>>> print(open('model-v2.cif').read())   # mmCIF, C-alpha atoms
data_entry
#
loop_
_atom_site.label_atom_id
_atom_site.label_comp_id
_atom_site.auth_asym_id
_atom_site.auth_seq_id
_atom_site.Cartn_x
_atom_site.Cartn_y
_atom_site.Cartn_z
CA MET A 1 18.58 -80.48 6.33
CA THR A 2 16.53 -83.13 8.12
CA ASP A 3 19.15 -83.52 10.88
CA LEU A 4 19.08 -79.81 11.72
CA LYS A 5 16.87 -78.13 14.30
CA MET A 6 14.24 -76.05 12.50
CA LYS A 7 13.65 -72.59 13.93
CA ILE A 8 10.76 -71.71 11.63
CA THR A 9 8.54 -74.03 9.61
CA THR A 10 5.78 -72.87 7.31
CA GLU A 11 3.15 -75.27 6.01
CA ASN A 12 0.90 -74.39 3.06
CA VAL A 13 0.91 -70.66 3.85
CA HIS A 14 -1.40 -68.47 1.78
CA ALA A 15 -1.45 -64.69 2.20
CA PHE A 16 -4.15 -62.33 1.00
CA PHE A 17 -4.66 -58.61 0.53
CA GLY A 18 -8.43 -58.63 0.48
CA THR A 19 -9.28 -61.03 -2.37
CA ASN A 20 -5.81 -60.80 -3.93
CA GLU A 21 -3.71 -63.88 -3.15
CA ALA A 22 -0.09 -62.84 -2.66
CA LEU A 23 1.32 -66.18 -1.40
CA LYS A 24 0.11 -69.52 -2.73
CA GLY A 25 0.88 -72.39 -0.42
CA ILE A 26 4.43 -71.72 0.81
CA SER A 27 6.06 -74.57 2.76
CA VAL A 28 9.66 -74.10 3.94
CA SER A 29 11.79 -75.14 6.92
CA ILE A 30 14.40 -72.69 8.17
CA PRO A 31 17.24 -74.18 10.25
CA GLU A 32 18.32 -72.50 13.48
CA HIS A 33 21.41 -70.26 13.26
CA SER A 34 21.33 -70.13 9.47
CA VAL A 35 20.89 -67.34 6.93
CA VAL A 36 18.12 -67.86 4.40
CA ALA A 37 17.89 -65.56 1.38
CA ILE A 38 14.56 -64.98 -0.34
CA ILE A 39 15.04 -64.02 -4.00
CA GLY A 40 12.68 -63.36 -6.88
CA PRO A 41 11.41 -60.50 -9.07
CA SER A 42 9.46 -57.55 -7.69
CA GLY A 43 5.91 -58.35 -6.65
CA CYS A 44 6.49 -62.08 -6.19
CA GLY A 45 5.59 -62.15 -2.48
CA LYS A 46 9.03 -62.00 -0.84
CA SER A 47 8.27 -59.16 1.58
CA THR A 48 4.78 -60.50 2.25
CA PHE A 49 6.30 -63.83 3.28
CA LEU A 50 8.78 -62.05 5.54
CA ARG A 51 6.01 -60.07 7.23
CA ALA A 52 3.96 -63.23 7.73
CA LEU A 53 6.77 -64.70 9.82
CA ASN A 54 6.27 -62.20 12.65
CA ARG A 55 2.56 -61.49 12.19
CA MET A 56 3.06 -58.07 10.63
CA HIS A 57 0.99 -59.00 7.57
CA GLU A 58 -2.16 -59.04 9.66
CA THR A 59 -1.64 -55.33 10.48
CA VAL A 60 -2.22 -54.45 6.80
CA PRO A 61 -5.88 -53.60 5.98
CA GLY A 62 -7.37 -56.71 4.39
CA GLY A 63 -4.31 -58.77 5.32
CA LYS A 64 -5.03 -62.43 6.03
CA ILE A 65 -2.93 -65.57 6.45
CA THR A 66 -3.98 -69.21 6.19
CA GLY A 67 -1.83 -72.27 6.78
CA THR A 68 0.59 -72.85 9.62
CA ILE A 69 3.72 -70.97 10.76
CA LEU A 70 5.67 -72.64 13.55
CA LEU A 71 8.37 -71.06 15.71
CA ASP A 72 10.29 -73.76 17.60
CA GLY A 73 7.37 -76.05 16.80
CA ALA A 74 4.70 -73.73 18.25
CA ASP A 75 2.05 -72.01 16.13
CA ILE A 76 2.74 -68.26 16.12
CA TYR A 77 -0.99 -67.58 15.72
CA ALA A 78 -1.60 -69.26 19.07
CA MET A 79 0.82 -66.77 20.68
CA ASP A 80 0.40 -63.13 21.59
CA ALA A 81 1.43 -61.02 18.59
CA VAL A 82 3.67 -58.76 20.70
CA THR A 83 5.53 -61.82 21.99
CA VAL A 84 6.01 -63.09 18.43
CA ARG A 85 7.42 -59.75 17.27
CA LYS A 86 9.78 -59.62 20.22
CA ARG A 87 11.14 -63.08 19.34
CA VAL A 88 11.14 -62.37 15.59
CA GLY A 89 12.56 -58.91 14.91
CA MET A 90 12.34 -56.94 11.67
CA VAL A 91 14.79 -54.63 9.88
CA PHE A 92 13.21 -52.71 7.02
CA GLN A 93 14.48 -51.73 3.59
CA LYS A 94 14.73 -48.04 4.45
CA PRO A 95 16.42 -47.22 7.76
CA ASN A 96 13.75 -45.94 10.14
CA PRO A 97 15.32 -44.54 13.31
CA PHE A 98 12.84 -42.62 15.45
CA PRO A 99 13.55 -39.01 14.37
CA THR A 100 12.82 -37.36 17.73
CA MET A 101 15.03 -39.76 19.69
CA SER A 102 18.76 -39.83 20.38
CA ILE A 103 20.99 -42.70 19.25
CA PHE A 104 20.84 -44.09 22.78
CA ASP A 105 17.05 -43.81 23.07
CA ASN A 106 16.52 -45.38 19.65
CA VAL A 107 18.26 -48.53 20.83
CA ALA A 108 16.56 -48.40 24.23
CA ALA A 109 13.06 -47.89 22.79
CA GLY A 110 12.07 -51.56 22.78
CA LEU A 111 13.38 -52.05 26.31
CA THR A 112 11.30 -49.14 27.56
CA MET A 113 8.21 -50.47 25.78
CA ASN A 114 8.78 -53.82 27.49
CA GLY A 115 8.80 -52.17 30.91
CA ILE A 116 12.54 -52.26 31.65
CA ARG A 117 13.26 -49.21 33.81
CA ASP A 118 16.61 -50.12 35.40
CA ARG A 119 18.81 -47.39 33.89
CA LYS A 120 22.04 -49.31 34.49
CA LEU A 121 20.66 -52.43 32.80
CA VAL A 122 19.32 -50.39 29.88
CA LYS A 123 22.73 -48.73 29.45
CA GLU A 124 24.46 -52.13 29.43
CA ILE A 125 22.05 -53.57 26.86
CA VAL A 126 22.29 -50.49 24.61
CA GLU A 127 26.09 -50.66 24.61
CA GLU A 128 26.07 -54.41 23.99
CA SER A 129 23.58 -54.04 21.13
CA LEU A 130 25.62 -51.29 19.49
CA HIS A 131 28.70 -53.50 19.77
CA LYS A 132 26.83 -56.40 18.15
CA ALA A 133 25.69 -54.08 15.35
CA ALA A 134 29.32 -52.97 14.79
CA LEU A 135 28.35 -49.37 15.52
CA TRP A 136 29.64 -48.68 19.04
CA ASP A 137 33.06 -47.32 18.07
CA GLU A 138 31.44 -44.88 15.63
CA VAL A 139 28.81 -43.46 17.99
CA LYS A 140 30.03 -43.99 21.57
CA ASP A 141 30.95 -40.32 21.98
CA ASN A 142 27.70 -39.05 20.43
CA LEU A 143 24.96 -41.16 22.01
CA GLY A 144 22.90 -38.05 22.74
CA LYS A 145 22.75 -36.98 19.11
CA SER A 146 19.69 -37.63 16.99
CA GLY A 147 19.53 -41.04 15.32
CA VAL A 148 18.81 -39.36 11.99
CA SER A 149 22.11 -37.46 12.20
CA LEU A 150 23.89 -40.66 11.18
CA SER A 151 24.70 -41.74 7.64
CA GLY A 152 22.35 -44.14 5.85
CA GLY A 153 24.51 -47.15 6.58
CA GLN A 154 24.92 -46.16 10.23
CA GLN A 155 21.17 -45.64 10.53
CA GLN A 156 20.55 -49.15 9.24
CA ARG A 157 22.99 -50.60 11.77
CA LEU A 158 21.27 -48.48 14.45
CA CYS A 159 17.97 -50.12 13.50
CA ILE A 160 19.66 -53.53 13.71
CA ALA A 161 20.95 -52.60 17.18
CA ARG A 162 17.42 -51.55 18.16
CA SER A 163 16.14 -54.96 17.04
CA LEU A 164 18.92 -56.81 18.89
CA ALA A 165 18.28 -54.94 22.14
CA VAL A 166 15.07 -56.87 22.86
CA ASN A 167 16.96 -60.15 22.48
CA PRO A 168 15.20 -61.70 19.46
CA GLU A 169 15.81 -65.24 18.27
CA VAL A 170 15.11 -64.49 14.59
CA ILE A 171 15.97 -61.38 12.59
CA LEU A 172 14.04 -60.62 9.39
CA MET A 173 15.75 -58.24 6.97
CA ASP A 174 13.80 -56.76 4.06
CA GLU A 175 16.45 -55.65 1.54
CA PRO A 176 18.51 -54.03 4.31
CA ALA A 177 21.25 -52.81 1.99
CA SER A 178 19.29 -51.79 -1.14
CA ALA A 179 19.44 -48.07 -0.31
CA LEU A 180 23.09 -48.11 0.79
CA ASP A 181 26.44 -47.42 -0.87
CA PRO A 182 28.85 -50.32 -1.53
CA ILE A 183 30.94 -49.71 1.62
CA SER A 184 27.87 -49.65 3.87
CA THR A 185 26.50 -52.71 2.07
CA ALA A 186 29.70 -54.61 2.77
CA LYS A 187 29.43 -53.68 6.48
CA ILE A 188 25.84 -54.98 6.62
CA GLU A 189 26.89 -58.24 4.94
CA GLU A 190 29.82 -58.65 7.33
CA LEU A 191 27.45 -57.99 10.23
CA ILE A 192 25.06 -60.71 9.02
CA TYR A 193 27.96 -63.17 9.01
CA GLU A 194 28.92 -62.16 12.56
CA LEU A 195 25.34 -62.44 13.85
CA LYS A 196 24.60 -65.85 12.32
CA PRO A 197 26.05 -67.97 15.17
CA HIS A 198 23.62 -66.30 17.59
CA TYR A 199 20.48 -65.69 15.52
CA THR A 200 18.44 -67.15 12.69
CA ILE A 201 18.34 -64.62 9.84
CA VAL A 202 15.97 -64.39 6.88
CA ILE A 203 16.89 -61.77 4.29
CA VAL A 204 14.98 -60.59 1.23
CA THR A 205 17.31 -59.37 -1.51
CA HIS A 206 17.22 -58.51 -5.20
CA ASN A 207 21.01 -58.80 -5.35
CA MET A 208 21.99 -62.28 -6.56
CA GLN A 209 25.64 -61.78 -5.55
CA GLN A 210 24.56 -60.73 -2.07
CA ALA A 211 22.35 -63.81 -1.68
CA ALA A 212 25.24 -66.02 -2.78
CA ARG A 213 27.66 -64.30 -0.36
CA VAL A 214 25.63 -64.16 2.84
CA SER A 215 23.18 -67.07 2.85
CA ASP A 216 23.31 -70.77 3.64
CA TYR A 217 19.97 -71.48 1.96
CA THR A 218 18.07 -69.72 -0.81
CA ALA A 219 14.38 -69.70 -1.67
CA PHE A 220 13.29 -68.55 -5.14
CA PHE A 221 9.79 -67.05 -5.23
CA TYR A 222 7.82 -66.32 -8.40
CA ILE A 223 4.28 -64.88 -8.56
CA GLY A 224 3.47 -65.95 -5.03
CA THR A 225 4.80 -69.50 -5.36
CA LEU A 226 7.95 -71.16 -4.07
CA VAL A 227 9.76 -72.42 -7.17
CA GLU A 228 12.84 -73.85 -5.48
CA TYR A 229 14.47 -73.94 -2.05
CA GLY A 230 17.76 -75.46 -1.01
CA ILE A 231 21.42 -75.00 -0.18
CA THR A 232 22.59 -71.71 -1.68
CA LYS A 233 25.64 -73.14 -3.44
CA LYS A 234 23.48 -75.74 -5.16
CA ILE A 235 20.76 -73.23 -6.08
CA PHE A 236 23.34 -70.99 -7.75
CA THR A 237 25.40 -73.69 -9.47
CA MET A 238 23.02 -76.59 -10.12
CA PRO A 239 19.40 -75.45 -9.75
CA GLU A 240 16.81 -78.16 -10.29
CA LYS A 241 14.30 -75.89 -12.05
CA LYS A 242 14.96 -74.15 -15.35
CA GLN A 243 12.95 -71.18 -14.08
CA THR A 244 15.45 -70.77 -11.23
CA GLU A 245 18.40 -70.94 -13.62
CA ASP A 246 16.78 -68.39 -15.95
CA TYR A 247 16.23 -65.95 -13.10
CA ILE A 248 19.69 -66.34 -11.57
CA THR A 249 21.40 -65.91 -14.94
CA GLY A 250 19.37 -62.82 -15.75
CA ARG A 251 17.20 -64.23 -18.54
CA PHE A 252 14.16 -62.69 -16.83
CA GLY A 253 13.27 -60.72 -13.72
#
>>> encode(input="model-v2.cif", output="structure tokens")
Amino acid sequence: MTDLKMKITTENVHAFFGTNEALKGISVSIPEHSVVAIIGPSGCGKSTFLRALNRMHETVPGGKITGTILLDGADIYAMDAVTVRKRVGMVFQKPNPFPTMSIFDNVAAGLTMNGIRDRKLVKEIVEESLHKAALWDEVKDNLGKSGVSLSGGQQQRLCIARSLAVNPEVILMDEPASALDPISTAKIEELIYELKPHYTIVIVTHNMQQAARVSDYTAFFYIGTLVEYGITKKIFTMPEKKQTEDYITGRFG
């Protein structure tokens, strides 16, 4: 991994909710154009870590981060938070299209917020983003319909398109398929594979098979600590820590 360009590097990151310590000194390096899966039982800090990577944790009352998080070698806490969140997009567990907006306007929302008013350019970016999210063919004749009129799987891909529209470099996905049926889940996993050459993706998942299928690297979290991190195939076939093996094989968690 040392020969690869690191997109994100965290050094001794601690996260707090008030006095409660949710992350305890997390240090990882995430290579550019890779998929990293974060696994571990509920409440172990996976989503907190994800939200730390684009400064969303600080929006939580009592939320605090210590340590260093670097994006292309630059400290994200020395940057404007809006800039960080534009470069590091987030897709949430439950699809969250804006209910009062059309499919088109959902995708265009970030562009509008960033001051892009050229209607032709917005239309081009919306179409391109829907293509990238493998949704264009399903919605191209219904762009004026409400975003919430779509199925759950389509809504999640709409939210991915919305994230892609602002041209992020990193996409964070917090259990993006946990609320979806198997067919929609397969589409999301296929989409992750197609996006990987162009983006760095970090995905939180409870699904061991999904982590093994979609990721290049896997990090196993337990009670706020990083137990093990490495190449996914090695983590799942020859983990170094017994705790990792016990979790992957279902002995606990």
>>> closest_residue(input="model-v2.cif", among="A:Gly89, A:Pro31, A:Pro95, A:Pro239", to="A:Ser215", atoms="all atoms listed in the file")
A:Pro31
>>> closest_residue(input="model-v2.cif", among="A:Arg55, A:His33, A:Arg251, A:Lys132", to="A:Val88", atoms="only C-alpha atoms")
A:Arg55
>>> closest_atom_pairs(input="model-v2.cif", of="stretch 7-112 of chain A", to="stretch 155-164 of chain A", cutoff="9 Å", atoms="only C-alpha atoms", output="Markdown table")
| residue | atom | partner | partner_atom | distance |
| --- | --- | --- | --- | --- |
| A:Lys86 | CA | A:Ser163 | CA | 8.5 |
| A:Gly89 | CA | A:Ser163 | CA | 5.7 |
| A:Met90 | CA | A:Ser163 | CA | 6.9 |
| A:Val91 | CA | A:Ile160 | CA | 6.3 |
| A:Phe92 | CA | A:Cys159 | CA | 8.4 |
| A:Gln93 | CA | A:Gln156 | CA | 8.7 |
| A:Lys94 | CA | A:Gln156 | CA | 7.6 |
| A:Pro95 | CA | A:Gln156 | CA | 4.8 |
| A:Asn96 | CA | A:Cys159 | CA | 6.8 |
| A:Pro97 | CA | A:Cys159 | CA | 6.2 |
| A:Ile103 | CA | A:Leu158 | CA | 7.5 |
| A:Asn106 | CA | A:Arg162 | CA | 6.4 |
| A:Val107 | CA | A:Arg162 | CA | 4.1 |
| A:Ala108 | CA | A:Arg162 | CA | 6.9 |
| A:Ala109 | CA | A:Arg162 | CA | 7.3 |
| A:Gly110 | CA | A:Arg162 | CA | 7.1 |
>>> residues_around(input="model-v2.cif", residues="stretch 244-247 of chain A", least_positions_apart="3", cutoff="10 Å", atoms="only C-alpha atoms", output="list in words")
Ile39, Gly40, Pro41, Met208, Ala219, Phe220, Phe221, Tyr222, Val227, Glu228, Tyr229, Ile235, Phe236, Thr237, Met238, Pro239, Glu240, Lys241, Gly250, Arg251, Phe252 and Gly253 of chain A
>>> write_last_selection(input="model-v2.cif", atoms="C-alpha atoms", output="CSV table (one decimal), in the coordinates of the input")
chain,number,residue,atom,x,y,z
A,39,ILE,CA,15.0,-64.0,-4.0
A,40,GLY,CA,12.7,-63.4,-6.9
A,41,PRO,CA,11.4,-60.5,-9.1
A,208,MET,CA,22.0,-62.3,-6.6
A,219,ALA,CA,14.4,-69.7,-1.7
A,220,PHE,CA,13.3,-68.6,-5.1
A,221,PHE,CA,9.8,-67.0,-5.2
A,222,TYR,CA,7.8,-66.3,-8.4
A,227,VAL,CA,9.8,-72.4,-7.2
A,228,GLU,CA,12.8,-73.8,-5.5
A,229,TYR,CA,14.5,-73.9,-2.0
A,235,ILE,CA,20.8,-73.2,-6.1
A,236,PHE,CA,23.3,-71.0,-7.8
A,237,THR,CA,25.4,-73.7,-9.5
A,238,MET,CA,23.0,-76.6,-10.1
A,239,PRO,CA,19.4,-75.4,-9.8
A,240,GLU,CA,16.8,-78.2,-10.3
A,241,LYS,CA,14.3,-75.9,-12.0
A,250,GLY,CA,19.4,-62.8,-15.8
A,251,ARG,CA,17.2,-64.2,-18.5
A,252,PHE,CA,14.2,-62.7,-16.8
A,253,GLY,CA,13.3,-60.7,-13.7
>>> atom_distance(input="model-v2.cif", atom1="atom CA of A:Ile65", atom2="atom CA of A:Ala52")
7.4 Å
>>> residues_around(input="model-v2.cif", residues="stretch 19-30 of chain A", least_positions_apart="6", cutoff="6 Å", atoms="all atoms listed in the file", output="PDB file with C-alpha atoms, in the coordinates of the input")
ATOM      1  CA  MET A   6      14.240 -76.050  12.500  1.00  0.00           C
ATOM      2  CA  LYS A   7      13.650 -72.590  13.930  1.00  0.00           C
ATOM      3  CA  ILE A   8      10.760 -71.710  11.630  1.00  0.00           C
ATOM      4  CA  THR A   9       8.540 -74.030   9.610  1.00  0.00           C
ATOM      5  CA  THR A  10       5.780 -72.870   7.310  1.00  0.00           C
ATOM      6  CA  GLU A  11       3.150 -75.270   6.010  1.00  0.00           C
ATOM      7  CA  ASN A  12       0.900 -74.390   3.060  1.00  0.00           C
ATOM      8  CA  VAL A  13       0.910 -70.660   3.850  1.00  0.00           C
ATOM      9  CA  GLY A  45       5.590 -62.150  -2.480  1.00  0.00           C
ATOM     10  CA  GLY A 224       3.470 -65.950  -5.030  1.00  0.00           C
ATOM     11  CA  THR A 225       4.800 -69.500  -5.360  1.00  0.00           C
TER      12      THR A 225
END
>>> closest_residue(input="model-v2.cif", among="A:Thr112, A:Ser149, A:Asn207, A:Thr200", to="A:Thr100", atoms="all atoms listed in the file")
A:Ser149
>>> atom_distance(input="model-v2.cif", atom1="atom CA of A:Ala78", atom2="atom CA of A:Val60")
19.2 Å
>>> decode(input="model-v2.cif", residues="stretch 150-188 of chain A", atoms="C-alpha atoms", output="CSV table (one decimal), in the first residue's frame")
chain,number,residue,atom,x,y,z
A,150,LEU,CA,-39.3,6.3,-7.3
A,151,SER,CA,-38.7,2.9,-5.7
A,152,GLY,CA,-36.3,2.7,-2.8
A,153,GLY,CA,-33.5,1.4,-4.9
A,154,GLN,CA,-34.1,4.2,-7.5
A,155,GLN,CA,-34.2,6.8,-4.7
A,156,GLN,CA,-30.8,5.7,-3.4
A,157,ARG,CA,-29.3,5.9,-6.9
A,158,LEU,CA,-30.9,9.3,-7.2
A,159,CYS,CA,-29.1,10.4,-4.1
A,160,ILE,CA,-25.9,9.0,-5.5
A,161,ALA,CA,-26.5,11.0,-8.7
A,162,ARG,CA,-27.1,14.1,-6.5
A,163,SER,CA,-23.8,13.5,-4.8
A,164,LEU,CA,-22.0,13.0,-8.1
A,165,ALA,CA,-23.4,16.2,-9.7
A,166,VAL,CA,-21.1,18.4,-7.6
A,167,ASN,CA,-18.1,16.5,-8.8
A,168,PRO,CA,-16.7,15.0,-5.6
A,169,GLU,CA,-13.4,13.2,-5.3
A,170,VAL,CA,-14.5,10.9,-2.5
A,171,ILE,CA,-17.9,9.3,-1.9
A,172,LEU,CA,-18.9,8.1,1.6
A,173,MET,CA,-21.7,5.5,1.8
A,174,ASP,CA,-23.3,4.7,5.1
A,175,GLU,CA,-24.9,1.2,4.6
A,176,PRO,CA,-26.4,2.4,1.2
A,177,ALA,CA,-28.1,-0.9,0.5
A,178,SER,CA,-29.3,-2.0,4.0
A,179,ALA,CA,-32.9,-0.9,3.4
A,180,LEU,CA,-33.1,-2.3,-0.2
A,181,ASP,CA,-34.2,-5.6,-1.8
A,182,PRO,CA,-31.7,-8.0,-3.3
A,183,ILE,CA,-32.1,-6.7,-6.9
A,184,SER,CA,-31.6,-3.1,-5.8
A,185,THR,CA,-28.7,-4.1,-3.6
A,186,ALA,CA,-27.0,-5.8,-6.6
A,187,LYS,CA,-27.5,-2.6,-8.7
A,188,ILE,CA,-25.8,-0.5,-5.9
